[in-house]
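Asker: Input model_30.cif, format and content: mmCIF, C-alpha atoms and all ligand atoms.
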```
data_entry
#
loop_
_atom_site.label_atom_id
_atom_site.label_comp_id
_atom_site.auth_asym_id
_atom_site.auth_seq_id
_atom_site.Cartn_x
_atom_site.Cartn_y
_atom_site.Cartn_z
CA MET A 227 85.55 20.63 16.29
CA ALA A 228 82.82 18.72 18.07
CA LEU A 229 80.86 15.51 17.57
CA TYR A 230 77.10 15.90 17.18
CA LEU A 231 74.36 13.32 16.98
CA VAL A 232 71.89 13.94 14.16
CA THR A 233 68.89 11.65 14.40
CA GLY A 234 67.23 11.11 11.05
CA GLY A 235 70.57 12.24 9.63
CA ALA A 236 70.10 10.24 6.43
CA GLY A 237 66.73 11.86 5.83
CA PHE A 238 65.74 15.05 4.08
CA ILE A 239 66.39 17.73 6.72
CA GLY A 240 68.89 15.64 8.71
CA SER A 241 71.19 15.13 5.73
CA HIS A 242 71.32 18.87 5.05
CA LEU A 243 72.21 19.47 8.71
CA THR A 244 74.87 16.76 8.62
CA GLU A 245 76.40 18.29 5.52
CA ALA A 246 76.44 21.78 7.09
CA LEU A 247 78.06 20.52 10.30
CA VAL A 248 80.79 18.68 8.41
CA LYS A 249 81.35 21.74 6.24
CA ARG A 250 82.04 23.87 9.30
CA GLY A 251 84.50 21.29 10.64
CA ASP A 252 82.39 19.21 13.03
CA ARG A 253 81.91 15.45 13.06
CA VAL A 254 78.51 13.80 12.98
CA ARG A 255 77.02 10.56 14.19
CA VAL A 256 73.90 9.76 12.20
CA LEU A 257 71.21 7.65 13.84
CA ASP A 258 68.66 6.56 11.26
CA ASP A 259 66.37 3.59 10.72
CA PHE A 260 66.39 4.20 6.94
CA SER A 261 62.60 3.95 6.77
CA SER A 262 62.59 7.14 4.71
CA GLY A 263 66.28 8.09 4.94
CA ASN A 264 68.74 7.00 2.32
CA MET A 265 72.53 6.71 2.08
CA ALA A 266 72.31 8.55 -1.24
CA ASN A 267 71.42 11.67 0.77
CA LEU A 268 74.90 11.53 2.32
CA ALA A 269 76.71 10.70 -0.92
CA SER A 270 78.81 13.89 -0.88
CA LEU A 271 80.27 13.01 2.54
CA GLU A 272 82.86 10.57 3.85
CA THR A 273 80.85 8.04 5.81
CA GLY A 274 81.65 4.91 7.80
CA GLU A 275 79.95 2.57 10.24
CA HIS A 276 79.58 3.60 13.89
CA GLY A 277 82.99 3.35 15.55
CA SER A 278 84.93 3.72 12.30
CA GLY A 279 86.10 7.24 13.11
CA ALA A 280 84.80 8.54 9.76
CA PRO A 281 83.69 12.20 9.71
CA VAL A 282 80.13 10.89 9.45
CA GLU A 283 79.44 7.70 11.40
CA ILE A 284 76.30 5.74 10.65
CA LEU A 285 74.32 3.99 13.36
CA ARG A 286 71.29 2.09 12.10
CA GLY A 287 68.20 1.61 14.17
CA ASP A 288 65.01 2.92 15.66
CA ILE A 289 64.83 5.69 18.30
CA VAL A 290 62.09 3.69 20.02
CA ASP A 291 64.95 1.52 21.34
CA PRO A 292 66.28 3.19 24.53
CA ASP A 293 69.58 1.27 24.58
CA LEU A 294 70.36 2.33 21.05
CA CYS A 295 69.64 5.97 21.93
CA ARG A 296 71.99 5.72 24.88
CA GLU A 297 74.73 4.29 22.67
CA ALA A 298 74.08 6.93 20.01
CA ALA A 299 74.50 9.83 22.45
CA GLN A 300 77.78 8.65 23.96
CA GLY A 301 80.54 11.21 23.59
CA VAL A 302 78.48 13.81 21.72
CA ALA A 303 78.47 17.53 22.50
CA GLY A 304 74.87 17.93 21.40
CA VAL A 305 71.91 16.37 19.66
CA LEU A 306 69.96 17.60 16.63
CA HIS A 307 66.83 15.48 16.80
CA GLU A 308 65.22 15.29 13.36
CA ALA A 309 64.06 11.66 13.30
CA ALA A 310 60.27 11.56 13.33
CA GLN A 311 57.16 10.15 11.87
CA VAL A 312 56.45 13.33 9.89
CA SER A 313 53.04 12.81 8.34
CA VAL A 314 49.80 14.25 9.71
CA PRO A 315 47.51 11.76 7.86
CA ARG A 316 49.70 8.80 8.80
CA SER A 317 49.41 9.83 12.46
CA VAL A 318 45.63 9.93 12.10
CA GLU A 319 45.75 6.37 10.73
CA ASP A 320 48.19 5.09 13.35
CA PRO A 321 48.42 7.34 16.41
CA VAL A 322 50.17 4.71 18.52
CA ARG A 323 53.16 4.43 16.20
CA SER A 324 53.25 8.20 15.77
CA TYR A 325 53.49 8.62 19.56
CA ALA A 326 56.03 5.82 19.90
CA VAL A 327 58.40 7.52 17.47
CA ASN A 328 57.73 11.17 18.19
CA VAL A 329 57.23 11.07 21.96
CA THR A 330 58.91 7.94 23.36
CA GLY A 331 61.70 8.33 20.80
CA THR A 332 62.31 11.91 21.95
CA LEU A 333 62.30 10.83 25.60
CA ASN A 334 64.81 8.05 24.84
CA LEU A 335 67.14 10.52 23.18
CA LEU A 336 66.85 13.03 26.01
CA GLU A 337 67.75 10.25 28.41
CA GLY A 338 70.67 9.23 26.21
CA ALA A 339 71.85 12.85 26.12
CA ARG A 340 71.49 13.18 29.89
CA ALA A 341 73.50 10.00 30.53
CA ALA A 342 76.18 11.20 28.11
CA GLY A 343 76.35 14.68 29.64
CA ALA A 344 75.46 16.27 26.29
CA ASN A 345 74.26 19.71 27.14
CA ARG A 346 72.65 20.93 23.93
CA PHE A 347 69.47 19.38 22.52
CA LEU A 348 67.67 20.73 19.48
CA MET A 349 64.41 19.22 18.30
CA ALA A 350 62.48 19.47 15.07
CA ALA A 351 59.21 20.73 16.48
CA SER A 352 56.30 21.74 14.28
CA SER A 353 54.05 24.62 13.37
CA ALA A 354 51.29 22.01 13.57
CA ALA A 355 51.34 22.83 17.31
CA TYR A 356 49.30 25.97 16.61
CA GLY A 357 46.35 24.18 15.04
CA ASP A 358 43.59 26.38 13.71
CA SER A 359 43.92 29.52 15.80
CA GLU A 360 42.46 32.53 14.01
CA GLU A 361 45.44 34.72 14.77
CA LEU A 362 48.09 35.14 12.07
CA PRO A 363 51.06 35.12 12.03
CA LYS A 364 51.42 32.36 14.59
CA HIS A 365 53.74 33.35 17.40
CA GLU A 366 55.36 31.43 20.23
CA GLY A 367 53.22 33.14 22.90
CA MET A 368 50.08 31.44 21.60
CA VAL A 369 48.65 28.44 23.44
CA PRO A 370 49.19 25.22 21.43
CA SER A 371 46.06 23.70 19.98
CA PRO A 372 47.02 20.46 18.19
CA LEU A 373 44.55 18.97 15.70
CA SER A 374 46.21 15.61 15.03
CA PRO A 375 48.13 12.88 16.88
CA TYR A 376 51.19 14.14 15.01
CA ALA A 377 50.75 17.69 16.29
CA SER A 378 50.03 16.65 19.86
CA GLY A 379 53.07 14.35 19.85
CA LYS A 380 55.29 17.18 18.71
CA VAL A 381 53.93 19.40 21.49
CA ALA A 382 54.55 16.58 23.99
CA GLY A 383 58.14 16.46 22.72
CA GLU A 384 58.51 20.18 23.37
CA HIS A 385 57.28 19.67 26.93
CA LEU A 386 59.82 16.92 27.46
CA LEU A 387 62.58 19.29 26.36
CA ARG A 388 61.29 21.92 28.76
CA VAL A 389 61.38 19.43 31.63
CA TYR A 390 64.92 18.31 30.79
CA ALA A 391 65.91 21.96 30.82
CA SER A 392 64.28 22.69 34.18
CA CYS A 393 65.13 19.41 35.96
CA TYR A 394 68.56 18.69 34.52
CA GLY A 395 69.81 22.03 33.26
CA MET A 396 70.04 20.85 29.66
CA LYS A 397 70.07 23.63 27.08
CA THR A 398 67.19 22.70 24.82
CA VAL A 399 65.65 24.47 21.85
CA ALA A 400 62.49 23.29 20.10
CA LEU A 401 62.48 24.72 16.60
CA ARG A 402 58.96 24.83 15.20
CA TYR A 403 59.48 24.22 11.51
CA PHE A 404 56.92 25.52 9.04
CA ASN A 405 56.41 23.24 5.98
CA VAL A 406 60.00 22.57 5.04
CA PHE A 407 60.82 21.66 1.43
CA GLY A 408 63.84 21.36 -0.81
CA PRO A 409 66.20 18.94 -2.54
CA ARG A 410 66.21 15.35 -1.20
CA GLN A 411 62.70 15.50 0.24
CA ALA A 412 61.33 12.00 -0.41
CA ASP A 413 58.91 12.03 -3.34
CA ASP A 414 57.98 8.36 -3.44
CA SER A 415 55.42 8.30 -0.66
CA PRO A 416 51.89 9.72 -0.28
CA TYR A 417 52.97 10.73 3.24
CA THR A 418 55.64 13.19 2.14
CA GLY A 419 55.35 16.97 1.80
CA VAL A 420 52.98 18.43 -0.76
CA ILE A 421 55.64 20.15 -2.89
CA ALA A 422 57.50 16.88 -3.41
CA ILE A 423 54.20 15.15 -4.27
CA PHE A 424 53.11 17.80 -6.78
CA VAL A 425 56.52 17.96 -8.48
CA ARG A 426 56.86 14.19 -8.82
CA MET A 427 53.33 13.76 -10.19
CA LEU A 428 53.65 16.60 -12.69
CA LEU A 429 57.03 15.29 -13.87
CA ASP A 430 55.44 11.87 -14.35
CA GLY A 431 52.50 13.36 -16.26
CA ARG A 432 50.01 12.48 -13.53
CA THR A 433 47.36 14.81 -12.08
CA PRO A 434 47.92 15.89 -8.46
CA THR A 435 44.97 16.23 -6.11
CA ILE A 436 44.40 19.30 -3.98
CA PHE A 437 42.59 18.35 -0.77
CA GLY A 438 39.74 20.78 -0.09
CA ASP A 439 39.25 24.04 -1.99
CA GLY A 440 42.99 24.81 -2.23
CA GLU A 441 42.58 28.10 -0.39
CA GLN A 442 44.34 26.74 2.71
CA THR A 443 47.70 28.44 3.16
CA ARG A 444 51.17 27.38 4.29
CA ASP A 445 54.45 29.13 5.05
CA PHE A 446 56.64 26.95 2.82
CA THR A 447 60.19 27.14 4.16
CA PHE A 448 63.23 26.26 2.10
CA VAL A 449 65.54 23.81 3.86
CA ASP A 450 68.55 26.19 3.85
CA ASN A 451 66.63 28.44 6.24
CA VAL A 452 66.16 25.51 8.61
CA VAL A 453 69.88 24.68 8.51
CA GLU A 454 70.72 28.30 9.28
CA ALA A 455 68.39 28.33 12.31
CA ASN A 456 69.81 25.06 13.65
CA LEU A 457 73.44 26.15 13.42
CA ARG A 458 72.57 29.33 15.25
CA ALA A 459 70.57 27.45 17.92
CA LEU A 460 73.51 25.12 18.47
CA ASP A 461 75.84 27.97 19.34
CA VAL A 462 73.64 30.59 20.98
CA GLN A 463 74.67 31.11 24.61
CA ASP A 464 71.52 32.35 26.31
CA VAL A 465 68.53 30.09 25.92
CA GLU A 466 65.60 30.25 28.32
CA PRO A 467 64.59 26.85 29.75
CA GLY A 468 62.14 25.21 27.38
CA CYS A 469 62.89 27.62 24.59
CA VAL A 470 60.54 27.31 21.59
CA ILE A 471 61.27 29.19 18.37
CA ASN A 472 59.46 29.35 15.02
CA VAL A 473 61.47 28.70 11.89
CA GLY A 474 59.60 29.85 8.81
CA GLY A 475 59.88 31.94 5.71
CA GLY A 476 57.41 34.54 6.98
CA GLU A 477 55.26 34.39 3.83
CA ARG A 478 52.15 32.30 3.16
CA ILE A 479 50.92 30.81 -0.08
CA SER A 480 47.65 29.06 -0.89
CA LEU A 481 47.78 25.53 -2.24
CA ASN A 482 46.14 26.79 -5.46
CA ASP A 483 48.88 29.41 -5.95
CA LEU A 484 51.58 26.90 -5.06
CA TYR A 485 50.21 24.45 -7.59
CA ARG A 486 50.11 27.11 -10.32
CA ALA A 487 53.69 28.20 -9.53
CA ILE A 488 55.01 24.64 -9.78
CA ALA A 489 53.07 23.87 -12.95
CA LYS A 490 54.33 27.09 -14.55
CA GLU A 491 57.97 26.42 -13.61
CA LEU A 492 57.61 22.99 -15.20
CA GLY A 493 56.34 24.58 -18.37
CA GLY A 494 52.63 23.92 -18.35
CA GLU A 495 49.40 24.77 -16.59
CA PRO A 496 47.65 21.42 -16.22
CA THR A 497 44.52 21.54 -14.10
CA PRO A 498 44.72 19.81 -10.71
CA GLY A 499 42.13 17.43 -9.37
CA TYR A 500 40.25 18.31 -6.19
CA GLY A 501 39.40 15.93 -3.36
CA PRO A 502 37.79 16.11 0.07
CA ASP A 503 39.42 17.99 2.99
CA ARG A 504 42.07 15.99 4.81
CA ALA A 505 41.43 15.00 8.44
CA GLY A 506 43.71 16.76 10.92
CA ASP A 507 44.60 19.54 8.46
CA VAL A 508 45.31 23.07 9.61
CA ARG A 509 43.61 25.78 7.53
CA HIS A 510 46.16 28.61 7.59
CA SER A 511 49.78 28.79 8.64
CA LEU A 512 52.25 31.65 8.76
CA ALA A 513 55.27 32.04 11.01
CA ALA A 514 56.09 35.04 13.13
CA VAL A 515 59.88 35.05 12.89
CA GLU A 516 60.63 37.94 15.27
CA LYS A 517 61.67 35.65 18.11
CA ALA A 518 64.02 33.72 15.82
CA GLY A 519 65.50 37.08 14.87
CA ARG A 520 65.81 38.26 18.45
CA VAL A 521 67.18 35.06 20.04
CA LEU A 522 69.10 33.53 17.14
CA GLY A 523 69.80 36.46 14.84
CA TYR A 524 67.88 34.45 12.21
CA SER A 525 66.12 35.82 9.20
CA PRO A 526 64.99 33.74 6.22
CA LEU A 527 67.80 33.51 3.64
CA VAL A 528 65.79 32.05 0.78
CA THR A 529 62.20 32.86 -0.22
CA TRP A 530 59.79 30.04 -1.08
CA ARG A 531 59.94 31.04 -4.77
CA GLU A 532 63.74 30.99 -4.91
CA GLY A 533 63.60 27.71 -3.00
CA LEU A 534 61.16 26.26 -5.50
CA VAL A 535 63.51 27.07 -8.39
CA LYS A 536 66.46 25.50 -6.50
CA THR A 537 64.38 22.43 -5.73
CA LEU A 538 63.28 21.94 -9.34
CA ALA A 539 66.89 22.37 -10.49
CA TRP A 540 67.82 19.42 -8.28
CA TYR A 541 65.42 17.03 -10.08
C1 LIG B 601 53.92 19.53 7.13
C2 LIG B 601 54.89 18.40 7.43
C3 LIG B 601 54.96 18.17 8.90
C4 LIG B 601 55.36 19.48 9.55
C5 LIG B 601 54.35 20.57 9.19
C6 LIG B 601 54.78 21.92 9.72
C7 LIG B 601 55.26 16.59 5.83
C8 LIG B 601 54.73 15.34 5.23
N1 LIG B 601 54.46 17.19 6.74
O1 LIG B 601 52.59 19.17 7.52
O2 LIG B 601 55.93 17.19 9.19
O3 LIG B 601 55.44 19.36 10.93
O4 LIG B 601 54.30 20.70 7.78
O5 LIG B 601 56.07 22.19 9.36
O6 LIG B 601 56.35 17.03 5.49
N2 LIG B 601 47.93 18.48 0.21
C9 LIG B 601 47.22 18.39 -0.98
N3 LIG B 601 47.51 17.36 -1.82
C10 LIG B 601 48.45 16.40 -1.54
C11 LIG B 601 49.15 16.49 -0.31
C12 LIG B 601 48.86 17.54 0.54
O7 LIG B 601 46.37 19.22 -1.27
O8 LIG B 601 48.65 15.49 -2.35
C13 LIG B 601 47.63 19.60 1.12
C14 LIG B 601 47.26 19.15 2.53
O9 LIG B 601 45.90 18.83 2.62
C15 LIG B 601 47.65 20.40 3.32
C16 LIG B 601 48.85 20.97 2.55
O10 LIG B 601 48.82 20.37 1.26
O11 LIG B 601 46.60 21.34 3.33
C17 LIG B 601 50.18 20.63 3.19
O12 LIG B 601 50.22 19.24 3.45
P1 LIG B 601 51.56 18.48 3.85
O13 LIG B 601 52.63 18.77 2.87
O14 LIG B 601 51.21 17.07 4.14
O15 LIG B 601 52.03 19.28 5.15
P2 LIG B 601 51.36 19.57 6.59
O16 LIG B 601 50.26 18.63 6.90
O17 LIG B 601 51.11 21.04 6.64
#
```
Written as structure tokens, that's how I'd like the structure from this file.
Ligand code: UD1
Answerer:
Amino acid sequence: MALYLVTGGAGFIGSHLTEALVKRGDRVRVLDDFSSGNMANLASLETGEHGSGAPVEILRGDIVDPDLCREAAQGVAGVLHEAAQVSVPRSVEDPVRSYAVNVTGTLNLLEGARAAGANRFLMAASSAAYGDSEELPKHEGMVPSPLSPYASGKVAGEHLLRVYASCYGMKTVALRYFNVFGPRQADDSPYTGVIAIFVRMLLDGRTPTIFGDGEQTRDFTFVDNVVEANLRALDVQDVEPGCVINVGGGERISLNDLYRAIAKELGGEPTPGYGPDRAGDVRHSLAAVEKAGRVLGYSPLVTWREGLVKTLAWY
């Protein structure tokens, strides 16, 4: 049994990780500013304030605060860093805040982990790192080509992990997530993931907008796959310094097909609206998952279609 710090642990992905860690017998300290996280996401778990000794301790605050990050990392065996400003368009609107959270926040946590002697550091990196390279699927050997402040901040975070591995011997793994979706993804913000937006709007009888022609593609990855990859990355013995690994479903779907699938599952085929292309958007995305298989023994457990059905069942 170990204590892990999960940043963003009250959020969508973080709460699933927290739940999985507790299920396997570990304890978790959650650091969250509750800007998009929610205590309801942790409702199935026994929680208490920081210092209470509960299986899941809650520490409230912003990772931009270095002292808080230092406090959060004390006594932990490892960090699963999920807290982030996750939206591409929001980063285009406010690159300074995006960098503060995603880059300075990551640095603060690495420093906290270093001071605490925590040797394992996993980070939610992003497939956005690949940008618009022609080559598909996107593999870890490709040179990053970020198209947005969000993407470049995530790549900067990866570089910080690499440096903490090479300078301080920390075992770091940057997991490049590909369009994660599933139960508990916030659906009350225009800055959330597209599946959550489409589902909420269709349930409310509103008409979703597809940005561009809808022929852009994404590798939509059900959250259980992400949990699986993280648990494996936490325990794997041999990690190269600065290890970067894709976590995807290995299948790509166009936005038009995605929209049709959701509308059909919900029992109708209402026509979407179409709007202009979105600044900073990547055109196509598909994960090569061979490295995840080789290093972590990972293969996707749930397809995007199965995941969609599970997600809709949650509503
Ligand atoms: C998403 C994640 C990002 C993550 C990346 C790779 C969110 C908010 N973003 O970015 O954190 O790093 O995957 O894993 O979770 N779209 C519409 N209509 C809408 C909203 C979106 O057509 O109302 C389109 C977008 O233009 C885009 C696609 O859907 O082409 C996906 O958009 P989005 O869900 O925001 O994800 P990414 O930008 O790919």
Asker: Within 6 Å of ligand LIG 601 (chain B), counting all atoms listed in the file, which protein or nucleic acid residues do you find, written as number ranges by chain?
Answerer: A: 312-314, 352-354, 403-406, 417-420, 423, 435-437, 442, 504, 507
Asker: With a distance cut-off of 12 Å and only C-alpha atoms, select the neighbouring residues of Glu532 in chain A, excluding the residue or stretch itself and same-chain residues fewer than 4 positions from it, and output the selection as an MDAnalysis selection string.
Answerer: chainID A and resid 407:408 446:451 475 487:488 491 526:528 536:539
Asker: With C-alpha atoms retained, export the selected residues as a PDB file, in the coordinates of the input.
Answerer:
```
ATOM      1  CA  PHE A 407      60.820  21.660   1.430  1.00  0.00           C
ATOM      2  CA  GLY A 408      63.840  21.360  -0.810  1.00  0.00           C
ATOM      3  CA  PHE A 446      56.640  26.950   2.820  1.00  0.00           C
ATOM      4  CA  THR A 447      60.190  27.140   4.160  1.00  0.00           C
ATOM      5  CA  PHE A 448      63.230  26.260   2.100  1.00  0.00           C
ATOM      6  CA  VAL A 449      65.540  23.810   3.860  1.00  0.00           C
ATOM      7  CA  ASP A 450      68.550  26.190   3.850  1.00  0.00           C
ATOM      8  CA  ASN A 451      66.630  28.440   6.240  1.00  0.00           C
ATOM      9  CA  GLY A 475      59.880  31.940   5.710  1.00  0.00           C
ATOM     10  CA  ALA A 487      53.690  28.200  -9.530  1.00  0.00           C
ATOM     11  CA  ILE A 488      55.010  24.640  -9.780  1.00  0.00           C
ATOM     12  CA  GLU A 491      57.970  26.420 -13.610  1.00  0.00           C
ATOM     13  CA  PRO A 526      64.990  33.740   6.220  1.00  0.00           C
ATOM     14  CA  LEU A 527      67.800  33.510   3.640  1.00  0.00           C
ATOM     15  CA  VAL A 528      65.790  32.050   0.780  1.00  0.00           C
ATOM     16  CA  LYS A 536      66.460  25.500  -6.500  1.00  0.00           C
ATOM     17  CA  THR A 537      64.380  22.430  -5.730  1.00  0.00           C
ATOM     18  CA  LEU A 538      63.280  21.940  -9.340  1.00  0.00           C
ATOM     19  CA  ALA A 539      66.890  22.370 -10.490  1.00  0.00           C
TER      20      ALA A 539
END
```
Asker: For range 315-331 of chain A, work out the shell of residues within 10 Å, counting all atoms listed in the file and skipping chain neighbours fewer than 4 positions away, then give it as an NGL selection string.
Answerer: :A and (288-292 or 295 or 307-311 or 335-337 or 351 or 373-386 or 416-418 or 504-507)
Asker: Any chance you could export the current selection's C-alpha atoms as an mmCIF file, in the coordinates of the input?
Answerer:
```cif
data_model
loop_
_atom_site.group_PDB
_atom_site.id
_atom_site.type_symbol
_atom_site.label_atom_id
_atom_site.label_comp_id
_atom_site.auth_asym_id
_atom_site.auth_seq_id
_atom_site.Cartn_x
_atom_site.Cartn_y
_atom_site.Cartn_z
ATOM 1 C CA ASP A 288 65.010 2.920 15.660
ATOM 2 C CA ILE A 289 64.830 5.690 18.300
ATOM 3 C CA VAL A 290 62.090 3.690 20.020
ATOM 4 C CA ASP A 291 64.950 1.520 21.340
ATOM 5 C CA PRO A 292 66.280 3.190 24.530
ATOM 6 C CA CYS A 295 69.640 5.970 21.930
ATOM 7 C CA HIS A 307 66.830 15.480 16.800
ATOM 8 C CA GLU A 308 65.220 15.290 13.360
ATOM 9 C CA ALA A 309 64.060 11.660 13.300
ATOM 10 C CA ALA A 310 60.270 11.560 13.330
ATOM 11 C CA GLN A 311 57.160 10.150 11.870
ATOM 12 C CA LEU A 335 67.140 10.520 23.180
ATOM 13 C CA LEU A 336 66.850 13.030 26.010
ATOM 14 C CA GLU A 337 67.750 10.250 28.410
ATOM 15 C CA ALA A 351 59.210 20.730 16.480
ATOM 16 C CA LEU A 373 44.550 18.970 15.700
ATOM 17 C CA SER A 374 46.210 15.610 15.030
ATOM 18 C CA PRO A 375 48.130 12.880 16.880
ATOM 19 C CA TYR A 376 51.190 14.140 15.010
ATOM 20 C CA ALA A 377 50.750 17.690 16.290
ATOM 21 C CA SER A 378 50.030 16.650 19.860
ATOM 22 C CA GLY A 379 53.070 14.350 19.850
ATOM 23 C CA LYS A 380 55.290 17.180 18.710
ATOM 24 C CA VAL A 381 53.930 19.400 21.490
ATOM 25 C CA ALA A 382 54.550 16.580 23.990
ATOM 26 C CA GLY A 383 58.140 16.460 22.720
ATOM 27 C CA GLU A 384 58.510 20.180 23.370
ATOM 28 C CA HIS A 385 57.280 19.670 26.930
ATOM 29 C CA LEU A 386 59.820 16.920 27.460
ATOM 30 C CA PRO A 416 51.890 9.720 -0.280
ATOM 31 C CA TYR A 417 52.970 10.730 3.240
ATOM 32 C CA THR A 418 55.640 13.190 2.140
ATOM 33 C CA ARG A 504 42.070 15.990 4.810
ATOM 34 C CA ALA A 505 41.430 15.000 8.440
ATOM 35 C CA GLY A 506 43.710 16.760 10.920
ATOM 36 C CA ASP A 507 44.600 19.540 8.460
#
```
Asker: Using all atoms listed in the file, what does the table of range 371-476 of chain A residues within 10 Å of range 250-264 of chain A look like, with each row giving the shortest atom pair and its distance in Å to one decimal, sorted by chain and ascending number, as JSON lines?
Answerer:
```
{"residue": "A:Arg410", "atom": "CA", "partner": "A:Asn264", "partner_atom": "CA", "distance": 9.4}
{"residue": "A:Gln411", "atom": "CA", "partner": "A:Gly263", "partner_atom": "CA", "distance": 9.5}
{"residue": "A:Ala412", "atom": "CA", "partner": "A:Ser262", "partner_atom": "CA", "distance": 7.2}
{"residue": "A:Asp414", "atom": "CA", "partner": "A:Ser262", "partner_atom": "CA", "distance": 9.4}
{"residue": "A:Ser415", "atom": "CA", "partner": "A:Ser262", "partner_atom": "CA", "distance": 9.0}
{"residue": "A:Thr418", "atom": "CA", "partner": "A:Ser262", "partner_atom": "CA", "distance": 9.6}
{"residue": "A:Leu457", "atom": "CA", "partner": "A:Arg250", "partner_atom": "CA", "distance": 9.8}
```
Asker: Record the distance separating CA of Asp358 in chain A and CA of Pro372 in chain A, expressed in Å with one decimal.
Answerer: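 Here the two named atoms are 8.2 Å from each other.
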Asker: In Å, with one decimal, what is the gap from CA of Leu348 in chain A to CA of Val465 in chain A?
Answerer: 11.4 Å
Asker: Report the distance between CA of Glu360 in chain A and CA of Trp530 in chain A in Å, rounded to one decimal place.
Answerer: 23.1 Å
Asker: Counting only C-alpha atoms, figure out which residue out of A:Gly440, A:Gly234, A:Gly468, A:Pro409 gets nearest to Ile284 in chain A.
Answerer: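 Counting only C-alpha atoms, the residue closest to Ile284 in chain A is A:Gly234.
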Asker: In terms of the shortest atom-to-atom distance over all atoms listed in the file, which of A:Gly304, A:Gly287, A:Gly476, A:Pro502 is closest to Leu362 in chain A?
Answerer: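 The closest residue to Leu362 in chain A is A:Gly476.
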Asker: Mind listing whatever residues come within 7 Å of the point (62.9, 24.5, 31.6)? Use only C-alpha atoms, file coordinates, and give them as a VMD selection string.
Answerer: chain A and resid 388 to 392 467 to 468
Asker: So that I can check the surroundings of Glu454 in chain A, please list as a compact mmCIF listing (two decimals) with C-alpha atoms, keeping the file's coordinate frame every protein, DNA and RNA residue that reaches within 12 Å of it, counting all atoms listed in the file and ignoring chain neighbours fewer than 6 positions away.
Answerer:
```
# COMPACT_ATOMS: atom_id res chain seq x y z
CA ILE A 239 66.39 17.73 6.72
CA HIS A 242 71.32 18.87 5.05
CA LEU A 243 72.21 19.47 8.71
CA ALA A 246 76.44 21.78 7.09
CA LEU A 247 78.06 20.52 10.30
CA LEU A 401 62.48 24.72 16.60
CA THR A 447 60.19 27.14 4.16
CA PHE A 448 63.23 26.26 2.10
CA LEU A 460 73.51 25.12 18.47
CA ASP A 461 75.84 27.97 19.34
CA VAL A 473 61.47 28.70 11.89
CA GLY A 474 59.60 29.85 8.81
CA GLY A 475 59.88 31.94 5.71
CA ALA A 518 64.02 33.72 15.82
CA GLY A 519 65.50 37.08 14.87
CA LEU A 522 69.10 33.53 17.14
CA GLY A 523 69.80 36.46 14.84
CA TYR A 524 67.88 34.45 12.21
CA SER A 525 66.12 35.82 9.20
CA PRO A 526 64.99 33.74 6.22
CA LEU A 527 67.80 33.51 3.64
CA VAL A 528 65.79 32.05 0.78
```
Asker: Please supply range 419-430 of chain A, rebuilt with N, CA and C atoms, as a JSON list (two decimals), in the frame of the given file.
Answerer:
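Saved the output as result.json:
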```
[["chain", "number", "residue", "atom", "x", "y", "z"],
["A", 419, "GLY", "N", 55.84, 15.60, 1.91],
["A", 419, "GLY", "CA", 55.35, 16.97, 1.80],
["A", 419, "GLY", "C", 54.71, 17.25, 0.44],
["A", 420, "VAL", "N", 53.80, 18.20, 0.44],
["A", 420, "VAL", "CA", 52.98, 18.43, -0.76],
["A", 420, "VAL", "C", 53.80, 18.90, -1.96],
["A", 421, "ILE", "N", 54.86, 19.68, -1.74],
["A", 421, "ILE", "CA", 55.64, 20.15, -2.89],
["A", 421, "ILE", "C", 56.29, 18.97, -3.59],
["A", 422, "ALA", "N", 56.87, 18.06, -2.81],
["A", 422, "ALA", "CA", 57.50, 16.88, -3.41],
["A", 422, "ALA", "C", 56.46, 16.03, -4.16],
["A", 423, "ILE", "N", 55.27, 15.94, -3.60],
["A", 423, "ILE", "CA", 54.20, 15.15, -4.27],
["A", 423, "ILE", "C", 53.80, 15.80, -5.60],
["A", 424, "PHE", "N", 53.54, 17.11, -5.55],
["A", 424, "PHE", "CA", 53.11, 17.80, -6.78],
["A", 424, "PHE", "C", 54.19, 17.71, -7.87],
["A", 425, "VAL", "N", 55.45, 17.97, -7.48],
["A", 425, "VAL", "CA", 56.52, 17.96, -8.48],
["A", 425, "VAL", "C", 56.64, 16.58, -9.12],
["A", 426, "ARG", "N", 56.70, 15.55, -8.29],
["A", 426, "ARG", "CA", 56.86, 14.19, -8.82],
["A", 426, "ARG", "C", 55.72, 13.83, -9.76],
["A", 427, "MET", "N", 54.48, 14.15, -9.35],
["A", 427, "MET", "CA", 53.33, 13.76, -10.19],
["A", 427, "MET", "C", 53.34, 14.52, -11.50],
["A", 428, "LEU", "N", 53.65, 15.82, -11.44],
["A", 428, "LEU", "CA", 53.65, 16.60, -12.69],
["A", 428, "LEU", "C", 54.77, 16.11, -13.61],
["A", 429, "LEU", "N", 55.92, 15.80, -13.04],
["A", 429, "LEU", "CA", 57.03, 15.29, -13.87],
["A", 429, "LEU", "C", 56.65, 13.96, -14.53],
["A", 430, "ASP", "N", 55.84, 13.17, -13.82],
["A", 430, "ASP", "CA", 55.44, 11.87, -14.35],
["A", 430, "ASP", "C", 54.18, 11.95, -15.24]]
```
